[in-house]
>>> print(open('work21.csv').read())   # CSV, N, CA, C and O atoms
chain,number,residue,atom,x,y,z
V,15,MET,N,0.8,-1.2,0.0
V,15,MET,CA,0.0,0.0,0.0
V,15,MET,C,0.9,1.2,0.0
V,15,MET,O,1.8,1.4,0.8
V,16,ALA,N,0.7,2.1,-0.9
V,16,ALA,CA,1.5,3.3,-1.1
V,16,ALA,C,1.1,4.4,0.0
V,16,ALA,O,-0.1,4.5,0.3
V,17,PRO,N,2.0,5.1,0.5
V,17,PRO,CA,1.7,6.2,1.5
V,17,PRO,C,0.8,7.3,0.8
V,17,PRO,O,1.0,7.6,-0.3
V,18,ASP,N,0.0,7.8,1.6
V,18,ASP,CA,-0.9,8.9,1.1
V,18,ASP,C,-0.2,10.2,1.1
V,18,ASP,O,0.3,10.7,2.2
V,19,PRO,N,0.0,10.9,0.0
V,19,PRO,CA,0.8,12.1,-0.1
V,19,PRO,C,0.1,13.3,0.7
V,19,PRO,O,0.8,14.1,1.3
V,20,VAL,N,-1.2,13.3,0.8
V,20,VAL,CA,-1.8,14.4,1.6
V,20,VAL,C,-1.5,14.2,3.1
V,20,VAL,O,-1.2,15.1,3.8
V,21,LEU,N,-1.6,12.9,3.6
V,21,LEU,CA,-1.3,12.7,4.9
V,21,LEU,C,0.2,13.0,5.2
V,21,LEU,O,0.5,13.6,6.3
V,22,TYR,N,1.0,12.7,4.3
V,22,TYR,CA,2.5,13.0,4.5
V,22,TYR,C,2.6,14.5,4.6
V,22,TYR,O,3.4,15.0,5.4
V,23,MET,N,1.9,15.3,3.8
V,23,MET,CA,2.0,16.8,3.8
V,23,MET,C,1.5,17.3,5.1
V,23,MET,O,2.1,18.2,5.7
V,24,PHE,N,0.4,16.8,5.6
V,24,PHE,CA,-0.1,17.2,6.9
V,24,PHE,C,0.8,16.9,8.1
V,24,PHE,O,1.0,17.6,9.0
V,25,LEU,N,1.5,15.7,8.0
V,25,LEU,CA,2.4,15.3,9.0
V,25,LEU,C,3.7,16.1,9.0
V,25,LEU,O,4.4,16.3,10.0
V,26,MET,N,4.1,16.6,7.8
V,26,MET,CA,5.4,17.3,7.7
V,26,MET,C,5.2,18.8,8.1
V,26,MET,O,6.1,19.5,8.4
V,27,MET,N,4.0,19.3,8.0
V,27,MET,CA,3.7,20.7,8.3
V,27,MET,C,4.2,21.2,9.6
V,27,MET,O,4.8,22.3,9.7
V,28,PRO,N,4.0,20.5,10.7
V,28,PRO,CA,4.5,21.1,12.0
V,28,PRO,C,6.0,21.2,12.0
V,28,PRO,O,6.5,22.2,12.5
V,29,THR,N,6.7,20.3,11.5
V,29,THR,CA,8.2,20.3,11.4
V,29,THR,C,8.6,21.5,10.6
V,29,THR,O,9.5,22.3,11.0
V,30,LEU,N,8.1,21.6,9.4
V,30,LEU,CA,8.4,22.7,8.5
V,30,LEU,C,8.1,24.1,9.1
V,30,LEU,O,8.8,25.1,9.0
V,31,ALA,N,6.9,24.1,9.8
V,31,ALA,CA,6.5,25.4,10.4
V,31,ALA,C,7.4,25.9,11.5
V,31,ALA,O,7.8,27.0,11.6
V,32,VAL,N,7.9,24.9,12.3
V,32,VAL,CA,8.8,25.3,13.4
V,32,VAL,C,10.1,25.8,12.8
V,32,VAL,O,10.7,26.8,13.2
V,33,VAL,N,10.7,25.1,11.8
V,33,VAL,CA,11.9,25.4,11.2
V,33,VAL,C,11.8,26.8,10.5
V,33,VAL,O,12.7,27.7,10.7
V,34,ILE,N,10.8,27.0,9.7
V,34,ILE,CA,10.7,28.2,9.0
V,34,ILE,C,10.4,29.4,9.9
V,34,ILE,O,11.0,30.5,9.8
V,35,ALA,N,9.6,29.2,10.9
V,35,ALA,CA,9.2,30.2,11.9
V,35,ALA,C,10.4,30.6,12.7
V,35,ALA,O,10.7,31.8,12.9
V,36,ILE,N,11.3,29.7,13.1
V,36,ILE,CA,12.5,30.0,13.9
V,36,ILE,C,13.4,30.8,13.0
V,36,ILE,O,14.0,31.8,13.4
V,37,LYS,N,13.7,30.3,11.8
V,37,LYS,CA,14.7,31.0,10.9
V,37,LYS,C,14.2,32.4,10.6
V,37,LYS,O,15.0,33.4,10.6
V,38,CYS,N,12.9,32.6,10.2
V,38,CYS,CA,12.4,33.9,9.9
V,38,CYS,C,12.4,34.8,11.1
V,38,CYS,O,12.6,36.0,10.9
V,39,SER,N,12.1,34.3,12.2
V,39,SER,CA,12.1,35.1,13.4
V,39,SER,C,13.5,35.6,13.8
V,39,SER,O,13.7,36.8,14.1
V,40,VAL,N,14.5,34.8,13.7
V,40,VAL,CA,15.8,35.2,14.0
V,40,VAL,C,16.3,36.2,12.9
V,40,VAL,O,17.0,37.2,13.3
V,41,ALA,N,16.0,36.0,11.7
V,41,ALA,CA,16.4,36.9,10.6
V,41,ALA,C,15.7,38.3,10.9
V,41,ALA,O,16.3,39.3,10.7
V,42,ASP,N,14.5,38.3,11.3
V,42,ASP,CA,13.8,39.5,11.5
V,42,ASP,C,14.4,40.3,12.7
V,42,ASP,O,14.5,41.5,12.7
V,43,GLU,N,14.8,39.5,13.8
V,43,GLU,CA,15.4,40.1,14.9
V,43,GLU,C,16.8,40.7,14.5
V,43,GLU,O,17.2,41.8,15.0
V,44,LEU,N,17.5,40.0,13.7
V,44,LEU,CA,18.8,40.5,13.2
V,44,LEU,C,18.6,41.9,12.5
V,44,LEU,O,19.4,42.8,12.7
V,45,LEU,N,17.6,42.0,11.7
V,45,LEU,CA,17.3,43.2,11.0
V,45,LEU,C,16.9,44.3,12.0
V,45,LEU,O,17.4,45.4,11.9
V,46,ALA,N,16.1,44.0,13.0
V,46,ALA,CA,15.7,45.0,14.0
V,46,ALA,C,16.9,45.5,14.8
V,46,ALA,O,17.1,46.7,15.1
V,47,TRP,N,17.8,44.5,15.2
V,47,TRP,CA,18.9,44.9,16.0
V,47,TRP,C,20.0,45.7,15.2
V,47,TRP,O,20.6,46.6,15.7
V,48,SER,N,20.1,45.4,13.9
V,48,SER,CA,21.1,46.2,13.1
V,48,SER,C,20.6,47.6,12.9
V,48,SER,O,21.4,48.6,13.0
V,49,VAL,N,19.3,47.8,12.8
V,49,VAL,CA,18.7,49.2,12.7
V,49,VAL,C,18.8,49.9,14.1
V,49,VAL,O,19.2,51.1,14.1
V,50,ALA,N,18.6,49.2,15.2
V,50,ALA,CA,18.7,49.8,16.5
V,50,ALA,C,20.2,50.1,16.8
V,50,ALA,O,20.4,51.2,17.4
V,51,LEU,N,21.1,49.3,16.3
V,51,LEU,CA,22.5,49.7,16.5
V,51,LEU,C,22.9,51.0,15.8
V,51,LEU,O,23.5,51.9,16.4
V,52,ALA,N,22.4,51.1,14.6
V,52,ALA,CA,22.7,52.4,13.8
V,52,ALA,C,22.1,53.6,14.5
V,52,ALA,O,22.7,54.6,14.6
V,53,ASN,N,20.9,53.4,15.0
V,53,ASN,CA,20.2,54.5,15.7
V,53,ASN,C,20.9,54.9,17.0
V,53,ASN,O,21.0,56.1,17.4
V,54,ALA,N,21.4,53.9,17.7
V,54,ALA,CA,22.1,54.1,19.0
V,54,ALA,C,23.4,54.8,18.8
V,54,ALA,O,23.8,55.8,19.5
V,55,VAL,N,24.2,54.4,17.7
V,55,VAL,CA,25.4,55.1,17.4
V,55,VAL,C,25.2,56.5,17.0
V,55,VAL,O,25.9,57.5,17.4
V,56,TYR,N,24.2,56.7,16.2
V,56,TYR,CA,23.9,58.1,15.7
V,56,TYR,C,23.4,59.0,16.9
V,56,TYR,O,23.7,60.2,16.9
V,57,ALA,N,22.7,58.4,17.8
V,57,ALA,CA,22.2,59.2,19.0
V,57,ALA,C,23.3,59.5,20.0
V,57,ALA,O,23.1,60.3,20.9
V,58,SER,N,24.4,58.8,19.9
V,58,SER,CA,25.5,59.0,20.9
V,58,SER,C,26.2,60.3,20.6
V,58,SER,O,26.1,60.9,19.5
V,59,PRO,N,27.0,60.8,21.6
V,59,PRO,CA,27.7,62.0,21.4
V,59,PRO,C,29.0,61.8,20.6
V,59,PRO,O,30.1,62.1,21.0
V,60,TRP,N,28.9,61.3,19.4
V,60,TRP,CA,30.1,60.9,18.6
V,60,TRP,C,30.8,62.1,18.0
V,60,TRP,O,31.9,62.0,17.7
V,61,LEU,N,30.1,63.2,17.8
V,61,LEU,CA,30.7,64.4,17.2
V,61,LEU,C,31.7,65.0,18.2
V,61,LEU,O,32.7,65.6,17.7
V,62,SER,N,31.4,64.9,19.5
V,62,SER,CA,32.3,65.6,20.4
V,62,SER,C,33.3,64.5,21.0
V,62,SER,O,34.0,64.8,22.0
V,63,SER,N,33.4,63.4,20.4
V,63,SER,CA,34.3,62.3,20.9
V,63,SER,C,35.7,62.5,20.2
V,63,SER,O,35.8,63.2,19.3
V,64,PRO,N,36.6,61.7,20.7
V,64,PRO,CA,38.0,61.7,20.1
V,64,PRO,C,37.9,61.2,18.6
V,64,PRO,O,36.9,60.5,18.2
V,65,ARG,N,38.9,61.5,17.9
V,65,ARG,CA,38.9,61.2,16.5
V,65,ARG,C,38.8,59.7,16.2
V,65,ARG,O,38.1,59.3,15.3
V,66,SER,N,39.4,58.8,17.0
V,66,SER,CA,39.4,57.4,16.8
V,66,SER,C,37.9,56.9,17.0
V,66,SER,O,37.5,56.0,16.2
V,67,PHE,N,37.2,57.4,18.0
V,67,PHE,CA,35.8,57.0,18.2
V,67,PHE,C,34.9,57.5,17.0
V,67,PHE,O,34.0,56.8,16.6
V,68,ARG,N,35.2,58.7,16.5
V,68,ARG,CA,34.4,59.3,15.4
V,68,ARG,C,34.6,58.4,14.2
V,68,ARG,O,33.6,58.1,13.5
V,69,LEU,N,35.8,58.0,13.9
V,69,LEU,CA,36.0,57.1,12.8
V,69,LEU,C,35.3,55.8,12.9
V,69,LEU,O,34.7,55.2,12.0
V,70,MET,N,35.3,55.2,14.1
V,70,MET,CA,34.6,54.0,14.4
V,70,MET,C,33.1,54.2,14.2
V,70,MET,O,32.4,53.3,13.6
V,71,ALA,N,32.6,55.3,14.7
V,71,ALA,CA,31.2,55.6,14.6
V,71,ALA,C,30.8,55.8,13.2
V,71,ALA,O,29.7,55.3,12.7
V,72,LEU,N,31.6,56.5,12.4
V,72,LEU,CA,31.3,56.6,11.0
V,72,LEU,C,31.4,55.3,10.2
V,72,LEU,O,30.6,55.1,9.3
V,73,THR,N,32.2,54.4,10.6
V,73,THR,CA,32.3,53.1,10.0
V,73,THR,C,31.0,52.3,10.3
V,73,THR,O,30.4,51.7,9.4
V,74,VAL,N,30.5,52.4,11.5
V,74,VAL,CA,29.3,51.7,11.9
V,74,VAL,C,28.1,52.3,11.1
V,74,VAL,O,27.3,51.6,10.6
V,75,LEU,N,28.1,53.6,11.1
V,75,LEU,CA,27.0,54.3,10.4
V,75,LEU,C,27.0,54.0,8.9
V,75,LEU,O,25.9,53.9,8.2
V,76,THR,N,28.2,53.9,8.3
V,76,THR,CA,28.3,53.6,6.9
V,76,THR,C,27.8,52.2,6.6
V,76,THR,O,27.1,52.0,5.6
V,77,ARG,N,28.2,51.3,7.4
V,77,ARG,CA,27.8,49.9,7.3
V,77,ARG,C,26.3,49.7,7.5
V,77,ARG,O,25.7,48.8,7.0
V,78,ALA,N,25.8,50.6,8.4
V,78,ALA,CA,24.4,50.4,8.8
V,78,ALA,C,23.4,51.1,7.8
V,78,ALA,O,22.2,51.0,8.0
V,79,GLN,N,23.9,51.7,6.7
V,79,GLN,CA,23.0,52.3,5.8
V,79,GLN,C,22.2,51.2,5.1
V,79,GLN,O,21.0,51.4,4.7
V,80,ARG,N,22.7,50.0,5.0
V,80,ARG,CA,22.0,48.9,4.5
V,80,ARG,C,21.9,47.9,5.7
V,80,ARG,O,22.9,47.3,6.0
V,81,PRO,N,20.7,47.7,6.2
V,81,PRO,CA,20.6,46.8,7.4
V,81,PRO,C,21.0,45.4,7.0
V,81,PRO,O,20.9,45.0,5.9
V,82,GLN,N,21.4,44.6,8.0
V,82,GLN,CA,21.7,43.2,7.8
V,82,GLN,C,20.5,42.4,7.5
V,82,GLN,O,19.5,42.4,8.2
V,83,LEU,N,20.6,41.7,6.4
V,83,LEU,CA,19.5,40.8,6.0
V,83,LEU,C,20.0,39.4,5.8
V,83,LEU,O,21.1,39.2,5.4
V,84,VAL,N,19.1,38.5,6.0
V,84,VAL,CA,19.4,37.1,5.7
V,84,VAL,C,18.7,36.7,4.4
V,84,VAL,O,17.4,36.8,4.4
V,85,ALA,N,19.4,36.4,3.4
V,85,ALA,CA,18.8,36.2,2.1
V,85,ALA,C,18.9,34.7,1.7
V,85,ALA,O,19.9,34.0,2.1
V,86,VAL,N,17.9,34.2,1.1
V,86,VAL,CA,17.8,32.8,0.6
V,86,VAL,C,17.7,32.9,-0.9
V,86,VAL,O,16.9,33.8,-1.4
V,87,ARG,N,18.3,32.0,-1.6
V,87,ARG,CA,18.4,32.1,-3.1
V,87,ARG,C,17.0,32.3,-3.8
V,87,ARG,O,16.8,33.2,-4.5
V,88,PHE,N,16.1,31.4,-3.5
V,88,PHE,CA,14.8,31.5,-4.2
V,88,PHE,C,13.7,32.2,-3.5
V,88,PHE,O,12.6,32.4,-4.1
V,89,LEU,N,13.9,32.6,-2.3
V,89,LEU,CA,12.9,33.3,-1.5
V,89,LEU,C,13.1,34.8,-1.3
V,89,LEU,O,12.2,35.5,-1.1
V,90,GLY,N,14.3,35.2,-1.5
V,90,GLY,CA,14.7,36.6,-1.2
V,90,GLY,C,15.1,36.7,0.3
V,90,GLY,O,15.7,35.8,0.8
V,91,ARG,N,14.7,37.7,0.9
V,91,ARG,CA,15.1,37.9,2.3
V,91,ARG,C,14.2,37.2,3.3
V,91,ARG,O,13.0,37.1,3.0
V,92,LEU,N,14.7,36.7,4.4
V,92,LEU,CA,13.9,36.1,5.4
V,92,LEU,C,13.4,37.1,6.4
V,92,LEU,O,14.2,37.8,7.0
V,93,ASP,N,12.1,37.1,6.7
V,93,ASP,CA,11.6,37.9,7.7
V,93,ASP,C,10.2,37.4,8.0
V,93,ASP,O,9.7,36.4,7.4
V,94,ARG,N,9.5,38.0,8.9
V,94,ARG,CA,8.1,37.5,9.3
V,94,ARG,C,7.1,37.5,8.2
V,94,ARG,O,6.3,36.6,8.0
V,95,PRO,N,7.0,38.6,7.4
V,95,PRO,CA,6.1,38.6,6.3
V,95,PRO,C,6.3,37.5,5.3
V,95,PRO,O,5.4,36.9,4.7
V,96,ILE,N,7.6,37.2,5.0
V,96,ILE,CA,7.9,36.0,4.1
V,96,ILE,C,7.4,34.7,4.7
V,96,ILE,O,6.9,33.9,4.0
V,97,ALA,N,7.6,34.6,6.0
V,97,ALA,CA,7.1,33.4,6.7
V,97,ALA,C,5.6,33.2,6.6
V,97,ALA,O,5.1,32.1,6.3
V,98,SER,N,4.9,34.3,6.7
V,98,SER,CA,3.5,34.3,6.6
V,98,SER,C,3.1,33.9,5.2
V,98,SER,O,2.2,33.1,5.0
V,99,GLU,N,3.8,34.4,4.2
V,99,GLU,CA,3.5,34.1,2.8
V,99,GLU,C,3.8,32.6,2.5
V,99,GLU,O,3.1,32.0,1.8
V,100,ILE,N,4.9,32.1,3.1
V,100,ILE,CA,5.2,30.7,2.9
V,100,ILE,C,4.1,29.8,3.5
V,100,ILE,O,3.7,28.8,2.8
V,101,PHE,N,3.6,30.2,4.6
V,101,PHE,CA,2.6,29.4,5.3
V,101,PHE,C,1.3,29.4,4.5
V,101,PHE,O,0.6,28.4,4.3
V,102,LYS,N,0.9,30.6,3.9
V,102,LYS,CA,-0.3,30.7,3.1
V,102,LYS,C,-0.2,29.8,1.8
V,102,LYS,O,-1.1,29.2,1.4
V,103,ARG,N,1.0,29.9,1.2
V,103,ARG,CA,1.2,29.1,0.0
V,103,ARG,C,1.2,27.6,0.3
V,103,ARG,O,0.7,26.8,-0.5
V,104,TRP,N,1.8,27.2,1.4
V,104,TRP,CA,1.8,25.8,1.8
V,104,TRP,C,0.4,25.3,2.0
V,104,TRP,O,0.0,24.3,1.6
V,105,TYR,N,-0.4,26.2,2.7
V,105,TYR,CA,-1.8,25.8,3.0
V,105,TYR,C,-2.6,25.6,1.7
V,105,TYR,O,-3.4,24.7,1.5
V,106,THR,N,-2.4,26.5,0.7
V,106,THR,CA,-3.0,26.4,-0.6
V,106,THR,C,-2.6,25.2,-1.3
V,106,THR,O,-3.4,24.5,-1.9
V,107,PHE,N,-1.3,24.8,-1.2
V,107,PHE,CA,-0.8,23.6,-1.8
V,107,PHE,C,-1.4,22.4,-1.2
V,107,PHE,O,-1.9,21.4,-2.0
V,108,VAL,N,-1.6,22.3,0.1
V,108,VAL,CA,-2.2,21.2,0.7
V,108,VAL,C,-3.7,21.1,0.4
V,108,VAL,O,-4.2,20.0,0.2
V,109,GLN,N,-4.3,22.2,0.3
V,109,GLN,CA,-5.7,22.2,-0.1
V,109,GLN,C,-5.9,21.7,-1.6
V,109,GLN,O,-6.8,20.9,-1.8
V,110,VAL,N,-5.0,22.0,-2.5
V,110,VAL,CA,-5.1,21.5,-3.8
V,110,VAL,C,-4.8,20.0,-3.8
V,110,VAL,O,-5.5,19.3,-4.5
V,111,LEU,N,-3.9,19.6,-3.0
V,111,LEU,CA,-3.6,18.1,-3.0
V,111,LEU,C,-4.8,17.3,-2.4
V,111,LEU,O,-5.0,16.2,-2.8
V,112,SER,N,-5.4,18.0,-1.4
V,112,SER,CA,-6.5,17.2,-0.8
V,112,SER,C,-7.8,17.1,-1.7
V,112,SER,O,-8.6,16.3,-1.5
V,113,GLU,N,-7.8,17.9,-2.7
V,113,GLU,CA,-8.9,17.8,-3.7
V,113,GLU,C,-8.8,16.6,-4.6
V,113,GLU,O,-9.8,16.1,-5.1
V,114,TYR,N,-7.6,16.1,-4.8
V,114,TYR,CA,-7.4,15.0,-5.7
V,114,TYR,C,-7.2,13.7,-5.0
V,114,TYR,O,-6.8,13.3,-4.2
>>> encode(input="work21.csv", output="structure tokens")
Amino acid sequence: MAPDPVLYMFLMMPTLAVVIAIKCSVADELLAWSVALANAVYASPWLSSPRSFRLMALTVLTRAQRPQLVAVRFLGRLDRPIASEIFKRWYTFVQVLSEY
């Protein structure tokens, strides 16, 4: 007796949901913390600091112009909206499979 593909998809969903949710959540936190770091450096009194500190602050501000993103080849960047979109498409896929 061949295994039922719809049952297999339903059984795999919790595992995939946990993996995708954790990875997208961590990537979203990385993005938030990189923006917070840039804001904290900019809000510091770096203009009245010694030259070495100003150079370090400028380096951080220059690097922070583009926040840190976790990118995946076929999905783009990982974050919570992408996770939500993945779950919606997965649910649609399972619904289509259950029709047949």
>>> select_by_dssp(input="work21.csv", residues="chain V", states="strand (DSSP E)", output="list of chain:residue names")
V:Ala85, V:Val86, V:Gly90, V:Arg91
>>> select_by_dssp(input="work21.csv", residues="stretch 35-102 of chain V", states="alpha helix (DSSP H)", output="VMD selection string")
chain V and resid 35 to 57 65 to 77 94 to 102
>>> residues_around(input="work21.csv", residues="stretch 22-36 of chain V", least_positions_apart="4", cutoff="7 Å", atoms="only C-alpha atoms", output="ChimeraX atom specification")
/V:18,40,97,108
>>> residues_around(input="work21.csv", residues="V:Ser58", least_positions_apart="5", cutoff="10 Å", atoms="only C-alpha atoms", output="list in words")
Asn53, Ser63 and Ala71 of chain V
>>> residues_around(input="work21.csv", residues="V:Trp60", least_positions_apart="5", cutoff="7 Å", atoms="all atoms listed in the file", output="VMD selection string")
chain V and resid 55 67 to 69 71
>>> residues_around(input="work21.csv", residues="V:Tyr56", least_positions_apart="3", cutoff="12 Å", atoms="only C-alpha atoms", output="ChimeraX atom specification")
/V:49-53,59-61,68,70-76,78-79
>>> atom_distance(input="work21.csv", atom1="atom CA of V:Glu43", atom2="atom N of V:Ile100")
17.7 Å
>>> closest_residue(input="work21.csv", among="V:Ala46, V:Leu111, V:Cys38, V:Val20", to="V:Ile96", atoms="only N, CA, C and O atoms")
V:Cys38
>>> closest_residue(input="work21.csv", among="V:Pro64, V:Phe101, V:Val110, V:Leu44", to="V:Leu83", atoms="all atoms listed in the file")
V:Leu44
>>> decode(input="work21.csv", residues="stretch 64-74 of chain V", atoms="all heavy atoms", output="JSON list (two decimals), in the first residue's frame")
[["chain", "number", "residue", "atom", "x", "y", "z"],
["V", 64, "PRO", "N", 36.65, 61.69, 20.72],
["V", 64, "PRO", "CA", 37.97, 61.69, 20.07],
["V", 64, "PRO", "C", 37.89, 61.19, 18.63],
["V", 64, "PRO", "O", 36.94, 60.53, 18.23],
["V", 64, "PRO", "CB", 38.80, 60.74, 20.94],
["V", 64, "PRO", "CG", 38.06, 60.60, 22.21],
["V", 64, "PRO", "CD", 36.64, 60.89, 21.92],
["V", 65, "ARG", "N", 38.90, 61.50, 17.88],
["V", 65, "ARG", "CA", 38.93, 61.17, 16.46],
["V", 65, "ARG", "C", 38.79, 59.67, 16.21],
["V", 65, "ARG", "O", 38.09, 59.25, 15.29],
["V", 65, "ARG", "CB", 40.23, 61.69, 15.85],
["V", 65, "ARG", "CG", 40.39, 61.38, 14.39],
["V", 65, "ARG", "CD", 41.65, 62.02, 13.85],
["V", 65, "ARG", "NE", 42.07, 61.48, 12.59],
["V", 65, "ARG", "CZ", 41.54, 61.77, 11.42],
["V", 65, "ARG", "NH1", 40.54, 62.62, 11.36],
["V", 65, "ARG", "NH2", 42.01, 61.24, 10.32],
["V", 66, "SER", "N", 39.44, 58.85, 17.00],
["V", 66, "SER", "CA", 39.36, 57.39, 16.79],
["V", 66, "SER", "C", 37.93, 56.89, 16.96],
["V", 66, "SER", "O", 37.46, 56.04, 16.19],
["V", 66, "SER", "CB", 40.30, 56.67, 17.74],
["V", 66, "SER", "OG", 39.92, 56.91, 19.08],
["V", 67, "PHE", "N", 37.22, 57.44, 17.95],
["V", 67, "PHE", "CA", 35.84, 57.02, 18.16],
["V", 67, "PHE", "C", 34.93, 57.52, 17.03],
["V", 67, "PHE", "O", 34.02, 56.82, 16.61],
["V", 67, "PHE", "CB", 35.31, 57.53, 19.51],
["V", 67, "PHE", "CG", 33.93, 57.04, 19.83],
["V", 67, "PHE", "CD1", 33.73, 55.77, 20.32],
["V", 67, "PHE", "CD2", 32.82, 57.85, 19.59],
["V", 67, "PHE", "CE1", 32.45, 55.30, 20.60],
["V", 67, "PHE", "CE2", 31.54, 57.40, 19.86],
["V", 67, "PHE", "CZ", 31.36, 56.12, 20.36],
["V", 68, "ARG", "N", 35.20, 58.73, 16.55],
["V", 68, "ARG", "CA", 34.41, 59.25, 15.42],
["V", 68, "ARG", "C", 34.58, 58.39, 14.19],
["V", 68, "ARG", "O", 33.62, 58.12, 13.47],
["V", 68, "ARG", "CB", 34.81, 60.70, 15.13],
["V", 68, "ARG", "CG", 34.24, 61.70, 16.09],
["V", 68, "ARG", "CD", 34.33, 63.11, 15.55],
["V", 68, "ARG", "NE", 35.64, 63.43, 15.00],
["V", 68, "ARG", "CZ", 36.53, 64.24, 15.56],
["V", 68, "ARG", "NH1", 36.25, 64.83, 16.69],
["V", 68, "ARG", "NH2", 37.68, 64.47, 14.98],
["V", 69, "LEU", "N", 35.80, 57.97, 13.93],
["V", 69, "LEU", "CA", 36.04, 57.09, 12.77],
["V", 69, "LEU", "C", 35.31, 55.76, 12.94],
["V", 69, "LEU", "O", 34.74, 55.24, 11.98],
["V", 69, "LEU", "CB", 37.53, 56.87, 12.57],
["V", 69, "LEU", "CG", 38.31, 58.07, 12.04],
["V", 69, "LEU", "CD1", 39.80, 57.76, 12.00],
["V", 69, "LEU", "CD2", 37.80, 58.47, 10.67],
["V", 70, "MET", "N", 35.34, 55.22, 14.15],
["V", 70, "MET", "CA", 34.62, 53.97, 14.40],
["V", 70, "MET", "C", 33.11, 54.16, 14.22],
["V", 70, "MET", "O", 32.43, 53.34, 13.60],
["V", 70, "MET", "CB", 34.91, 53.46, 15.80],
["V", 70, "MET", "CG", 34.27, 52.12, 16.10],
["V", 70, "MET", "SD", 34.52, 51.58, 17.78],
["V", 70, "MET", "CE", 33.64, 52.82, 18.70],
["V", 71, "ALA", "N", 32.59, 55.29, 14.74],
["V", 71, "ALA", "CA", 31.16, 55.56, 14.61],
["V", 71, "ALA", "C", 30.77, 55.76, 13.15],
["V", 71, "ALA", "O", 29.72, 55.28, 12.70],
["V", 71, "ALA", "CB", 30.77, 56.78, 15.43],
["V", 72, "LEU", "N", 31.61, 56.45, 12.40],
["V", 72, "LEU", "CA", 31.32, 56.63, 10.97],
["V", 72, "LEU", "C", 31.35, 55.31, 10.21],
["V", 72, "LEU", "O", 30.55, 55.10, 9.30],
["V", 72, "LEU", "CB", 32.32, 57.62, 10.36],
["V", 72, "LEU", "CG", 32.07, 59.08, 10.68],
["V", 72, "LEU", "CD1", 33.21, 59.94, 10.14],
["V", 72, "LEU", "CD2", 30.74, 59.54, 10.11],
["V", 73, "THR", "N", 32.25, 54.41, 10.61],
["V", 73, "THR", "CA", 32.29, 53.10, 9.99],
["V", 73, "THR", "C", 31.00, 52.33, 10.27],
["V", 73, "THR", "O", 30.42, 51.73, 9.36],
["V", 73, "THR", "CB", 33.50, 52.30, 10.50],
["V", 73, "THR", "OG1", 34.69, 53.03, 10.23],
["V", 73, "THR", "CG2", 33.58, 50.94, 9.85],
["V", 74, "VAL", "N", 30.55, 52.37, 11.51],
["V", 74, "VAL", "CA", 29.29, 51.68, 11.87],
["V", 74, "VAL", "C", 28.12, 52.31, 11.12],
["V", 74, "VAL", "O", 27.26, 51.60, 10.58],
["V", 74, "VAL", "CB", 29.06, 51.73, 13.39],
["V", 74, "VAL", "CG1", 27.67, 51.24, 13.75],
["V", 74, "VAL", "CG2", 30.11, 50.90, 14.10]]
